[in-house]
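Working notes for the structure below.
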Amino acid sequence: GATEVPNDTVDQDCDGSDLKSDLTPATYYVDPVNGNDDATHGTDPGVQAWKTLKFAVEMINNGAAGDYVLNLAPGTYSPDSEVLDIPLILEQNVTIDGSGAVLDGSGNQDSAQRPWTAGFIVSPGASKIAIQNLTIENFEQGLVVQSDGGCVDLINVVIDSCETGLKLVGSYQTEVDLHDPPNSSVITGSTTGIEITADSAGNTIRNGTVSNNTGDGIVVDASNVAPSDNLITDID
């Protein structure tokens, strides 16, 4: 097939994306100050990094299957800096290390057709997700998990001031671990800390801290189907 020319608005290789699809599992970098969004960047910190989280996630989603690592430079990632008009959906196995970065959803998105309303969405295509050393704040949902048998690790993550901190939607037999101290994650300052929707079953959420939320700490929605057997354990 034809060779893809990234970011020219033409899908030369007809794979549904304007990005090269030959990215291989490895460690990649995002730096909103010094980076550049093209296929020749992302492999090293600083000037060799990608510029936006949006571009990095899209590149990884279109890469070869495998386990990726994405390191974010410290700073604030917001709708203004990201120019986001699509959700951040994680479709590959990836570890995202924030290095103290902040995802802030409070920017102006009035003109966005598909606004950035959830910090991350874990899709059924990803079986192993780890997010660490990151603050996620001011979104409708801090993290949405739509998984079938996957594992989600939140290590030293703070989810703050969201409508819902962590939401499981249509998830089955998924393990979510917020971890013990000194690396435990905290869901705080939100309207609802954790919500498990009625179409989710057999999931386990363990460890971490859910506190000082203004509404319900943990909500398990009612269901008309057989008992859902969701387990919530060892949460402070």
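Just so we're on the same page: first chain in the structure tokens is A, next is B, and so on; residues restart at 1 for each chain, and ligands are numbered from 1 in the order they show up.
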
**Request:** Name the residues of chain A that fall into strand (DSSP E or B) according to DSSP on the backbone, using the chain letters and numbers of this document, as a PyMOL selection string.
**Result:** chain A and resi 27-30+50+67-72+76-77+89-90+93-104+118-122+128-137+141-145+148+151-160+164-168+172+175-177+186-188+192-196+201+204-206+209-211+218-220+231-233

**Prompt:** Any idea what's packed within 12 Å of Thr174 in chain A, counting only C-alpha atoms, ignoring anything in its chain fewer than 6 positions away? Could you give it as number ranges by chain?
**Reply:** A: 122-124, 126-129, 145-153, 168, 196, 200-206, 229-232

**Asked** Contacts of range 91-101 of chain A at 7 Å or less, counting only C-alpha atoms, minus same-chain residues fewer than 2 places along, as a list of chain:residue names?
**Response**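 Here the qualifying residues turn out to be A:Ile60, A:Asn61, A:Ala65, A:Gly66, A:Asp67, A:Tyr68, A:Val69, A:Leu70, A:Asn71, A:Leu72, A:Ala73, A:Pro74, A:Gly75, A:Thr76, A:Ile89, A:Leu103, A:Val122, A:Ser123, A:Gly125, A:Ala126, A:Ser127, A:Lys128, A:Ile129, A:Ala130, A:Ile131, A:Gln132, A:Asn133, A:Leu134, A:Thr135.
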
**Message:** Can you pull out the residues contacting range 183-192 of chain A? Cut-off 10 Å, using only C-alpha atoms, and skip same-chain residues under 3 positions away; I want them as an MDAnalysis selection string.
**Reply:** chainID A and resid 132:142 153:167 177:180 195 207:219 235:236

**Prompt:** Counting only C-alpha atoms, what is within 12 Å of range 51-54 of chain A, bar same-chain residues fewer than 5 positions away, as a VMD selection string?
**Reply:** chain A and resid 28 to 46 59 to 61 70 to 73 75 to 90 96 to 98 101 to 103 116 119 to 120

Written selection (C-alpha atoms) as a PDB file, in the first residue's frame:
```
ATOM      1  CA  TYR A  28       8.163   7.393  24.603  1.00  0.00           C
ATOM      2  CA  TYR A  29       8.050  10.976  25.898  1.00  0.00           C
ATOM      3  CA  VAL A  30       5.798  14.041  25.900  1.00  0.00           C
ATOM      4  CA  ASP A  31       7.041  17.565  26.603  1.00  0.00           C
ATOM      5  CA  PRO A  32       4.471  20.350  26.014  1.00  0.00           C
ATOM      6  CA  VAL A  33       7.165  23.058  26.025  1.00  0.00           C
ATOM      7  CA  ASN A  34       9.989  21.559  23.973  1.00  0.00           C
ATOM      8  CA  GLY A  35       8.382  18.708  21.998  1.00  0.00           C
ATOM      9  CA  ASN A  36       7.058  18.429  18.462  1.00  0.00           C
ATOM     10  CA  ASP A  37       4.147  16.361  17.158  1.00  0.00           C
ATOM     11  CA  ASP A  38       5.419  14.348  14.228  1.00  0.00           C
ATOM     12  CA  ALA A  39       6.517  10.792  13.510  1.00  0.00           C
ATOM     13  CA  THR A  40      10.215  11.586  13.996  1.00  0.00           C
ATOM     14  CA  HIS A  41       9.763  12.651  17.640  1.00  0.00           C
ATOM     15  CA  GLY A  42       8.701  10.926  20.855  1.00  0.00           C
ATOM     16  CA  THR A  43      11.752   8.732  21.401  1.00  0.00           C
ATOM     17  CA  ASP A  44      13.657  10.896  23.909  1.00  0.00           C
ATOM     18  CA  PRO A  45      12.947  13.659  26.444  1.00  0.00           C
ATOM     19  CA  GLY A  46      13.089  17.372  25.713  1.00  0.00           C
ATOM     20  CA  MET A  59       0.455   7.256  17.947  1.00  0.00           C
ATOM     21  CA  ILE A  60       0.520   4.462  20.538  1.00  0.00           C
ATOM     22  CA  ASN A  61      -3.029   3.372  19.747  1.00  0.00           C
ATOM     23  CA  LEU A  70       4.779   7.014  28.109  1.00  0.00           C
ATOM     24  CA  ASN A  71       6.678   9.535  30.244  1.00  0.00           C
ATOM     25  CA  LEU A  72       5.149  12.990  30.668  1.00  0.00           C
ATOM     26  CA  ALA A  73       7.303  16.014  31.399  1.00  0.00           C
ATOM     27  CA  GLY A  75       3.594  20.615  33.818  1.00  0.00           C
ATOM     28  CA  THR A  76      -0.128  21.128  33.293  1.00  0.00           C
ATOM     29  CA  TYR A  77      -1.931  19.423  30.408  1.00  0.00           C
ATOM     30  CA  SER A  78      -5.240  21.164  29.726  1.00  0.00           C
ATOM     31  CA  PRO A  79      -7.731  21.536  26.869  1.00  0.00           C
ATOM     32  CA  ASP A  80      -6.040  24.835  26.041  1.00  0.00           C
ATOM     33  CA  SER A  81      -2.545  23.348  25.756  1.00  0.00           C
ATOM     34  CA  GLU A  82      -3.682  20.090  24.177  1.00  0.00           C
ATOM     35  CA  VAL A  83      -6.119  21.633  21.659  1.00  0.00           C
ATOM     36  CA  LEU A  84      -8.147  18.489  22.275  1.00  0.00           C
ATOM     37  CA  ASP A  85     -11.309  17.743  20.364  1.00  0.00           C
ATOM     38  CA  ILE A  86     -11.322  13.982  21.061  1.00  0.00           C
ATOM     39  CA  PRO A  87     -11.364  11.854  24.233  1.00  0.00           C
ATOM     40  CA  LEU A  88      -8.102  10.304  25.424  1.00  0.00           C
ATOM     41  CA  ILE A  89      -8.871   6.601  24.947  1.00  0.00           C
ATOM     42  CA  LEU A  90      -6.169   4.083  25.899  1.00  0.00           C
ATOM     43  CA  ILE A  96       1.849   6.427  31.888  1.00  0.00           C
ATOM     44  CA  ASP A  97       4.280   8.120  34.276  1.00  0.00           C
ATOM     45  CA  GLY A  98       3.275  11.680  35.031  1.00  0.00           C
ATOM     46  CA  ALA A 101       2.289  16.333  35.871  1.00  0.00           C
ATOM     47  CA  VAL A 102      -1.318  17.543  36.135  1.00  0.00           C
ATOM     48  CA  LEU A 103      -4.200  16.821  33.754  1.00  0.00           C
ATOM     49  CA  TRP A 116     -12.130  16.204  26.774  1.00  0.00           C
ATOM     50  CA  GLY A 119      -8.931  12.357  32.041  1.00  0.00           C
ATOM     51  CA  PHE A 120      -8.459   8.934  30.465  1.00  0.00           C
TER      52      PHE A 120
END
```

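As for CA of Asp11 in chain A and CA of Gln48 in chain A, they are spaced 24.8 Å apart.
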
Helix (DSSP H, G or I) positions in range 10-200 of chain A, given as a PDB file with N, CA, C and O atoms, in the first residue's frame:
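Done, and the output landed in states38.pdb:
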```pdb
ATOM      1  N   GLY A  46      12.718  16.040  26.196  1.00  0.00           N
ATOM      2  CA  GLY A  46      13.089  17.372  25.713  1.00  0.00           C
ATOM      3  C   GLY A  46      12.691  17.618  24.279  1.00  0.00           C
ATOM      4  O   GLY A  46      11.559  17.345  23.872  1.00  0.00           O
ATOM      5  N   VAL A  47      13.620  18.098  23.478  1.00  0.00           N
ATOM      6  CA  VAL A  47      13.312  18.504  22.108  1.00  0.00           C
ATOM      7  C   VAL A  47      12.987  17.309  21.209  1.00  0.00           C
ATOM      8  O   VAL A  47      12.458  17.502  20.111  1.00  0.00           O
ATOM      9  N   GLN A  48      13.295  16.099  21.653  1.00  0.00           N
ATOM     10  CA  GLN A  48      12.960  14.915  20.861  1.00  0.00           C
ATOM     11  C   GLN A  48      11.630  14.287  21.275  1.00  0.00           C
ATOM     12  O   GLN A  48      11.231  13.256  20.723  1.00  0.00           O
ATOM     13  N   LEU A  53      -0.198  15.260  24.588  1.00  0.00           N
ATOM     14  CA  LEU A  53      -0.642  13.952  25.043  1.00  0.00           C
ATOM     15  C   LEU A  53      -1.597  13.337  24.022  1.00  0.00           C
ATOM     16  O   LEU A  53      -1.579  12.124  23.791  1.00  0.00           O
ATOM     17  N   LYS A  54      -2.405  14.169  23.411  1.00  0.00           N
ATOM     18  CA  LYS A  54      -3.330  13.693  22.376  1.00  0.00           C
ATOM     19  C   LYS A  54      -2.583  12.975  21.258  1.00  0.00           C
ATOM     20  O   LYS A  54      -2.951  11.855  20.862  1.00  0.00           O
ATOM     21  N   PHE A  55      -1.534  13.584  20.740  1.00  0.00           N
ATOM     22  CA  PHE A  55      -0.774  12.995  19.643  1.00  0.00           C
ATOM     23  C   PHE A  55      -0.099  11.706  20.102  1.00  0.00           C
ATOM     24  O   PHE A  55      -0.087  10.699  19.390  1.00  0.00           O
ATOM     25  N   ALA A  56       0.476  11.728  21.321  1.00  0.00           N
ATOM     26  CA  ALA A  56       1.164  10.548  21.835  1.00  0.00           C
ATOM     27  C   ALA A  56       0.230   9.355  21.963  1.00  0.00           C
ATOM     28  O   ALA A  56       0.563   8.228  21.550  1.00  0.00           O
ATOM     29  N   VAL A  57      -0.954   9.566  22.518  1.00  0.00           N
ATOM     30  CA  VAL A  57      -1.910   8.467  22.691  1.00  0.00           C
ATOM     31  C   VAL A  57      -2.367   7.936  21.342  1.00  0.00           C
ATOM     32  O   VAL A  57      -2.486   6.723  21.144  1.00  0.00           O
ATOM     33  N   GLU A  58      -2.588   8.829  20.381  1.00  0.00           N
ATOM     34  CA  GLU A  58      -3.002   8.380  19.057  1.00  0.00           C
ATOM     35  C   GLU A  58      -1.900   7.573  18.376  1.00  0.00           C
ATOM     36  O   GLU A  58      -2.163   6.551  17.731  1.00  0.00           O
ATOM     37  N   MET A  59      -0.663   8.000  18.522  1.00  0.00           N
ATOM     38  CA  MET A  59       0.455   7.256  17.947  1.00  0.00           C
ATOM     39  C   MET A  59       0.542   5.855  18.546  1.00  0.00           C
ATOM     40  O   MET A  59       0.704   4.857  17.830  1.00  0.00           O
ATOM     41  N   ILE A  60       0.439   5.767  19.867  1.00  0.00           N
ATOM     42  CA  ILE A  60       0.520   4.462  20.538  1.00  0.00           C
ATOM     43  C   ILE A  60      -0.664   3.586  20.169  1.00  0.00           C
ATOM     44  O   ILE A  60      -0.510   2.383  19.908  1.00  0.00           O
ATOM     45  N   ASN A  61      -1.851   4.154  20.125  1.00  0.00           N
ATOM     46  CA  ASN A  61      -3.029   3.372  19.747  1.00  0.00           C
ATOM     47  C   ASN A  61      -2.894   2.779  18.348  1.00  0.00           C
ATOM     48  O   ASN A  61      -3.425   1.697  18.071  1.00  0.00           O
ATOM     49  N   PRO A  79      -7.151  21.389  28.209  1.00  0.00           N
ATOM     50  CA  PRO A  79      -7.731  21.536  26.869  1.00  0.00           C
ATOM     51  C   PRO A  79      -7.111  22.675  26.073  1.00  0.00           C
ATOM     52  O   PRO A  79      -7.008  22.602  24.850  1.00  0.00           O
ATOM     53  N   ASP A  80      -6.669  23.722  26.749  1.00  0.00           N
ATOM     54  CA  ASP A  80      -6.040  24.835  26.041  1.00  0.00           C
ATOM     55  C   ASP A  80      -4.692  24.429  25.456  1.00  0.00           C
ATOM     56  O   ASP A  80      -4.376  24.725  24.303  1.00  0.00           O
ATOM     57  N   SER A  81      -3.877  23.722  26.245  1.00  0.00           N
ATOM     58  CA  SER A  81      -2.545  23.348  25.756  1.00  0.00           C
ATOM     59  C   SER A  81      -2.597  22.164  24.803  1.00  0.00           C
ATOM     60  O   SER A  81      -1.767  22.035  23.909  1.00  0.00           O
ATOM     61  N   GLU A  82      -3.598  21.291  24.998  1.00  0.00           N
ATOM     62  CA  GLU A  82      -3.682  20.090  24.177  1.00  0.00           C
ATOM     63  C   GLU A  82      -4.445  20.314  22.879  1.00  0.00           C
ATOM     64  O   GLU A  82      -4.359  19.510  21.962  1.00  0.00           O
TER      65      GLU A  82
END
```

**Two-atom distance - CA of Ser106 in chain A, CA of Gly193 in chain A (Å)** =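 Distance reported for this atom pair: 18.4 Å.
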
**Request:** Please indicate the distance in Å from CA of Leu143 in chain A to CA of Gly105 in chain A, rounded to one decimal place.
**Result:**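 It comes out at 12.0 Å.
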